[in-house]
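This is upload31.cif (mmCIF, C-alpha atoms and all ligand atoms).
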data_model
#
loop_
_atom_site.label_atom_id
_atom_site.label_comp_id
_atom_site.auth_asym_id
_atom_site.auth_seq_id
_atom_site.Cartn_x
_atom_site.Cartn_y
_atom_site.Cartn_z
CA MET L 1 -13.46 -10.28 33.39
CA ALA L 2 -15.63 -11.60 30.64
CA SER L 3 -14.47 -14.25 28.26
CA GLN L 4 -16.39 -16.28 25.73
CA GLU L 5 -15.77 -19.90 26.52
CA PRO L 6 -18.75 -22.05 25.64
CA LEU L 7 -17.27 -25.45 26.51
CA LEU L 8 -14.49 -26.46 28.85
CA GLY L 9 -12.94 -28.87 26.35
CA SER L 10 -12.52 -26.34 23.59
CA SER L 11 -11.94 -23.41 25.90
CA VAL L 12 -8.99 -24.97 27.73
CA HIS L 13 -6.77 -24.85 24.66
CA ASP L 14 -7.90 -21.29 23.91
CA ALA L 15 -7.32 -20.17 27.49
CA ALA L 16 -3.86 -21.80 27.59
CA GLN L 17 -2.97 -20.28 24.22
CA ARG L 18 -4.24 -16.91 25.45
CA ALA L 19 -1.97 -17.26 28.50
CA ALA L 20 1.02 -17.91 26.20
CA ASP L 21 0.12 -14.97 23.94
CA LEU L 22 -0.29 -12.66 26.95
CA LEU L 23 3.05 -13.84 28.38
CA ALA L 24 4.70 -13.02 25.05
CA VAL L 25 3.72 -9.34 25.40
CA LEU L 26 4.12 -9.05 29.18
CA LEU L 27 7.49 -10.70 29.81
CA PRO L 28 10.69 -8.67 29.62
CA GLY L 29 12.80 -9.44 26.56
CA PRO L 30 14.03 -7.88 23.31
CA GLY L 31 11.47 -5.19 22.45
CA HIS L 32 9.50 -6.16 25.56
CA PRO L 33 7.64 -5.76 27.75
CA ALA L 34 5.27 -4.25 25.23
CA GLY L 35 2.93 -1.38 26.11
CA PRO L 36 -0.79 -1.60 26.84
CA ALA L 37 -1.75 -1.45 23.14
CA ALA L 38 -0.12 -4.82 22.39
CA LEU L 39 -1.77 -6.32 25.47
CA ILE L 40 -5.20 -4.99 24.50
CA ALA L 41 -4.75 -6.38 20.98
CA VAL L 42 -4.22 -9.89 22.42
CA LEU L 43 -7.25 -9.61 24.72
CA ARG L 44 -9.36 -8.39 21.80
CA LYS L 45 -8.18 -11.32 19.65
CA TYR L 46 -9.56 -13.68 22.31
CA GLY L 47 -12.98 -12.02 22.32
CA GLU L 48 -12.70 -9.80 25.38
CA PRO L 49 -15.66 -7.39 25.19
CA GLU L 50 -15.04 -3.68 24.66
CA PRO L 51 -14.11 -1.36 26.15
CA ILE L 52 -10.88 -3.00 27.35
CA GLU L 53 -9.37 -0.69 29.94
CA ILE L 54 -5.97 -1.42 31.49
CA SER L 55 -4.63 1.03 34.08
CA ALA L 56 -0.93 1.52 34.82
CA THR L 57 -1.46 -0.43 38.06
CA ASP L 58 -3.19 -3.26 36.17
CA LEU L 59 -0.30 -3.42 33.72
CA ALA L 60 2.32 -3.53 36.49
CA GLU L 61 0.42 -6.33 38.25
CA LEU L 62 -0.09 -8.26 35.01
CA ARG L 63 3.68 -8.10 34.42
CA ARG L 64 4.29 -9.41 37.93
CA VAL L 65 1.91 -12.32 37.28
CA ALA L 66 3.66 -12.99 33.95
CA LEU L 67 6.92 -13.55 35.85
CA LEU L 68 5.15 -16.15 38.03
CA LEU L 69 3.58 -17.93 35.04
CA ARG L 70 6.95 -17.93 33.27
CA GLU L 71 8.13 -20.48 35.84
CA VAL L 72 5.33 -22.86 34.80
CA PHE L 73 6.27 -22.54 31.11
CA ALA L 74 9.95 -23.00 32.03
CA SER L 75 9.27 -26.32 33.83
CA GLY L 76 11.08 -29.14 32.08
CA ASP L 77 8.83 -31.94 33.34
CA ALA L 78 5.24 -32.52 34.46
CA ASP L 79 6.11 -32.91 38.17
CA THR L 80 7.86 -29.53 38.30
CA ALA L 81 5.07 -27.83 36.36
CA ALA L 82 2.40 -29.43 38.59
CA ASN L 83 4.17 -28.34 41.78
CA ARG L 84 4.57 -24.80 40.48
CA LEU L 85 0.91 -24.66 39.40
CA ASN L 86 -0.18 -25.94 42.82
CA GLY L 87 1.98 -23.27 44.45
CA LEU L 88 0.40 -20.53 42.34
CA LEU L 89 -3.16 -21.77 42.83
CA ALA L 90 -2.76 -22.16 46.61
CA GLY L 91 -4.02 -19.03 48.33
CA ARG L 92 -4.90 -17.34 45.02
CA ALA L 93 -7.58 -19.50 43.43
CA HIS L 94 -11.12 -19.31 44.74
CA PRO L 95 -13.63 -22.21 44.68
CA PRO L 96 -14.53 -23.11 41.07
CA ARG L 97 -17.45 -21.01 39.93
CA LEU L 98 -19.60 -21.32 36.82
CA THR L 99 -20.50 -18.10 35.06
CA THR L 100 -22.09 -16.88 31.83
CA HIS L 101 -21.04 -13.26 32.48
CA GLY L 102 -24.69 -12.26 32.70
CA GLY L 103 -25.76 -14.41 29.78
CA THR L 104 -23.16 -13.11 27.32
CA SER L 105 -21.34 -16.46 26.96
CA GLY L 106 -21.90 -20.17 27.61
CA TRP L 107 -21.35 -21.54 31.10
CA HIS L 108 -17.67 -21.90 31.88
CA LEU L 109 -15.41 -22.22 34.89
CA HIS L 110 -13.58 -19.43 36.67
CA VAL L 111 -11.45 -19.59 39.81
CA ASP L 112 -11.12 -15.85 40.35
CA SER L 113 -13.16 -14.20 43.13
CA ASN L 114 -15.87 -12.67 40.89
CA ASP L 115 -16.62 -11.54 37.33
CA ASP L 116 -15.24 -8.06 38.10
CA ALA L 117 -11.95 -9.27 39.61
CA PRO L 118 -8.85 -7.24 38.72
CA TRP L 119 -7.07 -8.17 35.45
CA ALA L 120 -4.04 -9.67 37.19
CA GLU L 121 -6.18 -11.95 39.37
CA TRP L 122 -8.13 -13.11 36.34
CA PHE L 123 -4.91 -13.65 34.31
CA LEU L 124 -3.24 -15.72 37.02
CA THR L 125 -6.22 -17.88 37.98
CA SER L 126 -7.61 -18.48 34.48
CA SER L 127 -4.15 -19.30 33.13
CA CYS L 128 -3.34 -21.69 35.98
CA LEU L 129 -6.71 -23.44 35.63
CA ALA L 130 -6.27 -23.98 31.89
CA LEU L 131 -2.62 -25.07 32.23
CA ALA L 132 -3.53 -27.45 35.08
CA VAL L 133 -6.28 -29.09 32.99
CA LEU L 134 -3.88 -29.46 30.06
CA LEU L 135 -1.20 -30.98 32.30
CA ALA L 136 -3.66 -33.50 33.78
CA ASP L 137 -4.93 -34.34 30.30
CA ARG L 138 -1.51 -34.86 28.75
CA GLN L 139 0.60 -35.87 31.79
CA ALA L 140 3.22 -33.49 30.40
CA PRO L 141 4.31 -29.88 30.93
CA PRO L 142 1.55 -27.65 29.56
CA GLY L 143 3.89 -25.32 27.73
CA GLY L 144 7.40 -24.22 27.02
CA PHE L 145 9.57 -21.58 25.42
CA CYS L 146 10.71 -21.74 21.79
CA ALA L 147 14.25 -23.18 21.61
CA SER L 148 15.16 -20.81 18.77
CA PRO L 149 17.60 -18.26 20.29
CA SER L 150 16.16 -15.53 18.06
CA CYS L 151 12.58 -16.29 19.19
CA GLY L 152 12.05 -17.63 22.73
CA ARG L 153 8.27 -17.24 22.44
CA PRO L 154 6.09 -19.10 24.94
CA PHE L 155 4.00 -21.88 23.43
CA VAL L 156 1.37 -24.37 24.58
CA ASN L 157 1.85 -28.14 24.40
CA VAL L 158 -1.35 -29.57 22.98
CA GLY L 159 -0.27 -32.56 20.91
CA ARG L 160 0.02 -36.10 22.20
CA GLY L 161 3.41 -36.70 20.58
CA ALA L 162 6.91 -35.82 21.75
CA ALA L 163 7.42 -32.52 23.57
CA ARG L 164 7.74 -29.53 21.27
CA ARG L 165 10.93 -27.51 21.12
CA TYR L 166 9.82 -24.67 18.86
CA CYS L 167 6.84 -22.34 18.93
CA SER L 168 6.09 -22.85 15.26
CA HIS L 169 6.93 -24.80 12.15
CA ARG L 170 8.73 -21.68 10.90
CA CYS L 171 11.10 -21.55 13.90
CA GLY L 172 11.79 -25.31 13.68
CA THR L 173 12.66 -25.08 9.99
CA ARG L 174 14.84 -22.00 10.48
CA GLU L 175 16.84 -23.71 13.24
CA ARG L 176 17.27 -26.92 11.21
CA VAL L 177 18.58 -24.89 8.27
CA ALA L 178 20.91 -22.94 10.59
CA ARG L 179 22.25 -26.19 12.12
CA HIS L 180 22.77 -27.69 8.69
CA ARG L 181 24.68 -24.57 7.53
CA ALA L 182 26.79 -24.53 10.69
CA LEU L 183 27.66 -28.20 10.17
CA GLN L 184 28.62 -27.59 6.54
CA ALA L 185 30.71 -24.55 7.50
CA GLY L 186 32.43 -26.68 10.16
CA THR L 187 33.15 -29.43 7.62
CA SER L 188 34.59 -27.05 5.00
CA GLU L 189 36.72 -25.26 7.59
CA SER L 190 38.19 -28.52 8.85
CA THR L 191 39.21 -29.49 5.27
CA LEU L 192 41.13 -26.21 4.77
CA PRO L 193 44.92 -26.60 4.72
ZN ZN S 1 9.83 -19.57 17.81
#

In structure tokens, what does this structure look like?
Amino acid sequence: MASQEPLLGSSVHDAAQRAADLLAVLLPGPGHPAGPAALIAVLRKYGEPEPIEISATDLAELRRVALLLREVFASGDADTAANRLNGLLAGRAHPPRLTTHGGTSGWHLHVDSNDDAPWAEWFLTSSCLALAVLLADRQAPPGGFCASPSCGRPFVNVGRGAARRYCSHRCGTRERVARHRALQAGTSESTLP
């Protein structure tokens, strides 16, 4: 599958973020899994060349891979995430291979079997490669799930600071406000006669 990734350094974050965005539409959950249109929209956003064709079999296999990748995002520490990534790469990843997709992008690394590999193979191997590079770079889990109960979106850990809990500033703020309100409600209730 083609992807436009001119440099490893910049492409790793994009590829990891793409993995998180694909997980968000492929994992079961409220209103999910989404249909092929939502999936195609994510692939298009990341520069996948047209036409993007996903068969029913592709979609079923992509959803199966999403369940495997969910375990990496659900890892609470780097050791667990590393072991799970190693487990997924073993027997699935092929030797690293540089490609330009016939000159349509800069040279970048793939660990799928070839440029025309099935979607699910590409999704698993490209996601694991990007998440593994991030983990090695940061010595921390490469991603997580938003701690907001009304969200739960997968996110990528890219910063060097403390581990993130929320997918976005918006979710973090909403949860802080909710906690504050709950505390105030608790205080006023306890002062009732
Ligand atoms: Zn969130």

Sorted by chain and rising residue number, which residues of chain L lie within 7 Å of ligand ZN 1 (chain S), and what are their closest atom pairs and distances in Å to one decimal, counting all atoms listed in the file, as JSON lines?
{"residue": "L:Cys146", "atom": "CA", "partner": "S:ZN1", "partner_atom": "ZN", "distance": 4.6}
{"residue": "L:Ala147", "atom": "CA", "partner": "S:ZN1", "partner_atom": "ZN", "distance": 6.9}
{"residue": "L:Ser148", "atom": "CA", "partner": "S:ZN1", "partner_atom": "ZN", "distance": 5.6}
{"residue": "L:Cys151", "atom": "CA", "partner": "S:ZN1", "partner_atom": "ZN", "distance": 4.5}
{"residue": "L:Gly152", "atom": "CA", "partner": "S:ZN1", "partner_atom": "ZN", "distance": 5.7}
{"residue": "L:Arg153", "atom": "CA", "partner": "S:ZN1", "partner_atom": "ZN", "distance": 5.4}
{"residue": "L:Tyr166", "atom": "CA", "partner": "S:ZN1", "partner_atom": "ZN", "distance": 5.2}
{"residue": "L:Cys167", "atom": "CA", "partner": "S:ZN1", "partner_atom": "ZN", "distance": 4.2}
{"residue": "L:Ser168", "atom": "CA", "partner": "S:ZN1", "partner_atom": "ZN", "distance": 5.6}
{"residue": "L:Cys171", "atom": "CA", "partner": "S:ZN1", "partner_atom": "ZN", "distance": 4.6}

Restricting the output to C-alpha atoms, write the selected residues as a PDB file, in the frame of the given file.
ATOM      1  CA  CYS L 146      10.710 -21.740  21.790  1.00  0.00           C
ATOM      2  CA  ALA L 147      14.250 -23.180  21.610  1.00  0.00           C
ATOM      3  CA  SER L 148      15.160 -20.810  18.770  1.00  0.00           C
ATOM      4  CA  CYS L 151      12.580 -16.290  19.190  1.00  0.00           C
ATOM      5  CA  GLY L 152      12.050 -17.630  22.730  1.00  0.00           C
ATOM      6  CA  ARG L 153       8.270 -17.240  22.440  1.00  0.00           C
ATOM      7  CA  TYR L 166       9.820 -24.670  18.860  1.00  0.00           C
ATOM      8  CA  CYS L 167       6.840 -22.340  18.930  1.00  0.00           C
ATOM      9  CA  SER L 168       6.090 -22.850  15.260  1.00  0.00           C
ATOM     10  CA  CYS L 171      11.100 -21.550  13.900  1.00  0.00           C
TER      11      CYS L 171
END

Atomic distance CA of Arg63 (chain L) - CA of Glu175 (chain L), expressed in Å with one decimal: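 Separation of CA of Arg63 (chain L) and CA of Glu175 (chain L): 29.4 Å.
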
Take CA of Ala132 (chain L) and CA of Leu43 (chain L) and report the distance between them in Å, one decimal.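 Computed distance, CA of Ala132 (chain L) to CA of Leu43 (chain L), equals 21.0 Å.
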
Cut-off 10 Å: closest region 142-162 of chain L/region 16-31 of chain L atom pairs per residue, using only C-alpha atoms, as a tab-separated table:
residue	atom	partner	partner_atom	distance
L:Pro142	CA	L:Ala16	CA	8.2
L:Gly143	CA	L:Ala20	CA	8.1
L:Gly144	CA	L:Ala20	CA	9.0
L:Phe145	CA	L:Ala20	CA	9.3
L:Ser150	CA	L:Pro30	CA	9.5
L:Cys151	CA	L:Pro30	CA	9.5
L:Gly152	CA	L:Ala24	CA	9.0
L:Arg153	CA	L:Ala24	CA	6.1
L:Pro154	CA	L:Ala20	CA	5.4
L:Phe155	CA	L:Ala20	CA	5.7
L:Val156	CA	L:Gln17	CA	6.0
L:Asn157	CA	L:Ala16	CA	9.1
L:Val158	CA	L:Ala16	CA	9.4

Would you write out those residues with C-alpha atoms, as a compact mmCIF listing (two decimals), in the frame of the given file?
# COMPACT_ATOMS: atom_id res chain seq x y z
CA PRO L 142 1.55 -27.65 29.56
CA GLY L 143 3.89 -25.32 27.73
CA GLY L 144 7.40 -24.22 27.02
CA PHE L 145 9.57 -21.58 25.42
CA SER L 150 16.16 -15.53 18.06
CA CYS L 151 12.58 -16.29 19.19
CA GLY L 152 12.05 -17.63 22.73
CA ARG L 153 8.27 -17.24 22.44
CA PRO L 154 6.09 -19.10 24.94
CA PHE L 155 4.00 -21.88 23.43
CA VAL L 156 1.37 -24.37 24.58
CA ASN L 157 1.85 -28.14 24.40
CA VAL L 158 -1.35 -29.57 22.98

From CA of Leu129 (chain L) to CA of Val111 (chain L) the spacing works out at 7.4 Å

For region 87-89 of chain L: contacts at 8 Å, only C-alpha atoms, fewer than 3 positions along chain excluded, given as a PDB file with C-alpha atoms, keeping the file's coordinate frame:
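File written: out-v8.pdb
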ATOM      1  CA  LEU L  68       5.150 -16.150  38.030  1.00  0.00           C
ATOM      2  CA  ASN L  83       4.170 -28.340  41.780  1.00  0.00           C
ATOM      3  CA  ARG L  84       4.570 -24.800  40.480  1.00  0.00           C
ATOM      4  CA  ARG L  92      -4.900 -17.340  45.020  1.00  0.00           C
ATOM      5  CA  ALA L  93      -7.580 -19.500  43.430  1.00  0.00           C
ATOM      6  CA  THR L 125      -6.220 -17.880  37.980  1.00  0.00           C
ATOM      7  CA  CYS L 128      -3.340 -21.690  35.980  1.00  0.00           C
TER       8      CYS L 128
END

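If you measure from each of L:Leu85, L:Ser113, L:Ser55, L:His94 to Leu135 (chain L) using only C-alpha atoms, the closest one turns out to be L:Leu85.
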
Would you mind listing what lies within 8 Å of Val65 (chain L) as a PyMOL selection string, with only C-alpha atoms counted and same-chain residues fewer than 3 positions away left out? chain L and resi 61-62+68-69+120+123-124

Nearest candidate to Pro36 (chain L) (options L:Ala60, L:Ala82, L:Ala15, L:Ala163; using only C-alpha atoms): L:Ala60

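Of the listed residues L:Val72, L:Ala78, L:Ala66, L:Ala37, the one whose atoms come nearest to Asp137 (chain L) is L:Ala78, with distances taken using all atoms listed in the file.
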
C-alpha atoms of region 96-162 of chain L, written as a JSON list (two decimals), in the first residue's frame:
[["chain", "number", "residue", "atom", "x", "y", "z"],
["L", 96, "PRO", "CA", 12.88, -4.06, 6.51],
["L", 97, "ARG", "CA", 12.53, -2.86, 2.95],
["L", 98, "LEU", "CA", 12.99, 0.61, 1.50],
["L", 99, "THR", "CA", 10.46, 1.72, -1.08],
["L", 100, "THR", "CA", 9.40, 4.82, -2.99],
["L", 101, "HIS", "CA", 6.22, 3.14, -4.31],
["L", 102, "GLY", "CA", 7.55, 3.45, -7.84],
["L", 103, "GLY", "CA", 8.89, 6.96, -7.34],
["L", 104, "THR", "CA", 5.68, 8.45, -5.95],
["L", 105, "SER", "CA", 7.14, 9.19, -2.49],
["L", 106, "GLY", "CA", 10.51, 9.57, -0.76],
["L", 107, "TRP", "CA", 12.35, 6.46, 0.39],
["L", 108, "HIS", "CA", 10.82, 5.04, 3.54],
["L", 109, "LEU", "CA", 10.75, 1.78, 5.46],
["L", 110, "HIS", "CA", 8.14, -0.94, 5.23],
["L", 111, "VAL", "CA", 8.07, -4.33, 6.94],
["L", 112, "ASP", "CA", 5.17, -5.79, 4.97],
["L", 113, "SER", "CA", 5.90, -8.39, 2.27],
["L", 114, "ASN", "CA", 5.52, -6.06, -0.74],
["L", 115, "ASP", "CA", 3.96, -2.79, -1.92],
["L", 116, "ASP", "CA", 0.75, -4.62, -2.89],
["L", 117, "ALA", "CA", 0.33, -6.45, 0.43],
["L", 118, "PRO", "CA", -3.24, -6.74, 1.75],
["L", 119, "TRP", "CA", -4.53, -3.78, 3.83],
["L", 120, "ALA", "CA", -4.52, -5.71, 7.10],
["L", 121, "GLU", "CA", -0.89, -6.81, 6.67],
["L", 122, "TRP", "CA", 0.14, -3.25, 5.87],
["L", 123, "PHE", "CA", -1.87, -1.87, 8.85],
["L", 124, "LEU", "CA", -0.35, -4.30, 11.34],
["L", 125, "THR", "CA", 3.27, -4.08, 10.20],
["L", 126, "SER", "CA", 3.42, -0.33, 9.54],
["L", 127, "SER", "CA", 1.70, 0.43, 12.85],
["L", 128, "CYS", "CA", 3.98, -1.90, 14.83],
["L", 129, "LEU", "CA", 7.09, -0.45, 13.16],
["L", 130, "ALA", "CA", 6.10, 3.14, 13.96],
["L", 131, "LEU", "CA", 5.01, 2.31, 17.52],
["L", 132, "ALA", "CA", 8.24, 0.36, 18.12],
["L", 133, "VAL", "CA", 10.38, 3.29, 16.94],
["L", 134, "LEU", "CA", 8.42, 5.66, 19.18],
["L", 135, "LEU", "CA", 8.80, 3.34, 22.16],
["L", 136, "ALA", "CA", 12.57, 3.04, 21.64],
["L", 137, "ASP", "CA", 12.84, 6.80, 21.22],
["L", 138, "ARG", "CA", 10.86, 7.69, 24.32],
["L", 139, "GLN", "CA", 11.41, 4.59, 26.53],
["L", 140, "ALA", "CA", 7.69, 4.81, 27.27],
["L", 141, "PRO", "CA", 4.47, 3.23, 26.00],
["L", 142, "PRO", "CA", 3.85, 4.58, 22.49],
["L", 143, "GLY", "CA", 0.18, 5.29, 23.05],
["L", 144, "GLY", "CA", -2.83, 4.98, 25.24],
["L", 145, "PHE", "CA", -6.58, 5.42, 25.48],
["L", 146, "CYS", "CA", -8.22, 8.67, 26.59],
["L", 147, "ALA", "CA", -9.14, 8.44, 30.30],
["L", 148, "SER", "CA", -12.35, 10.39, 29.72],
["L", 149, "PRO", "CA", -15.20, 7.84, 30.12],
["L", 150, "SER", "CA", -17.20, 9.61, 27.41],
["L", 151, "CYS", "CA", -14.27, 9.47, 24.96],
["L", 152, "GLY", "CA", -11.84, 6.53, 25.20],
["L", 153, "ARG", "CA", -10.13, 7.51, 21.95],
["L", 154, "PRO", "CA", -6.70, 6.02, 21.22],
["L", 155, "PHE", "CA", -3.87, 8.54, 21.23],
["L", 156, "VAL", "CA", -0.13, 8.58, 20.56],
["L", 157, "ASN", "CA", 2.46, 9.54, 23.18],
["L", 158, "VAL", "CA", 4.89, 11.88, 21.50],
["L", 159, "GLY", "CA", 5.94, 14.32, 24.20],
["L", 160, "ARG", "CA", 8.91, 13.88, 26.49],
["L", 161, "GLY", "CA", 6.99, 14.85, 29.63],
["L", 162, "ALA", "CA", 4.73, 12.80, 31.88]]
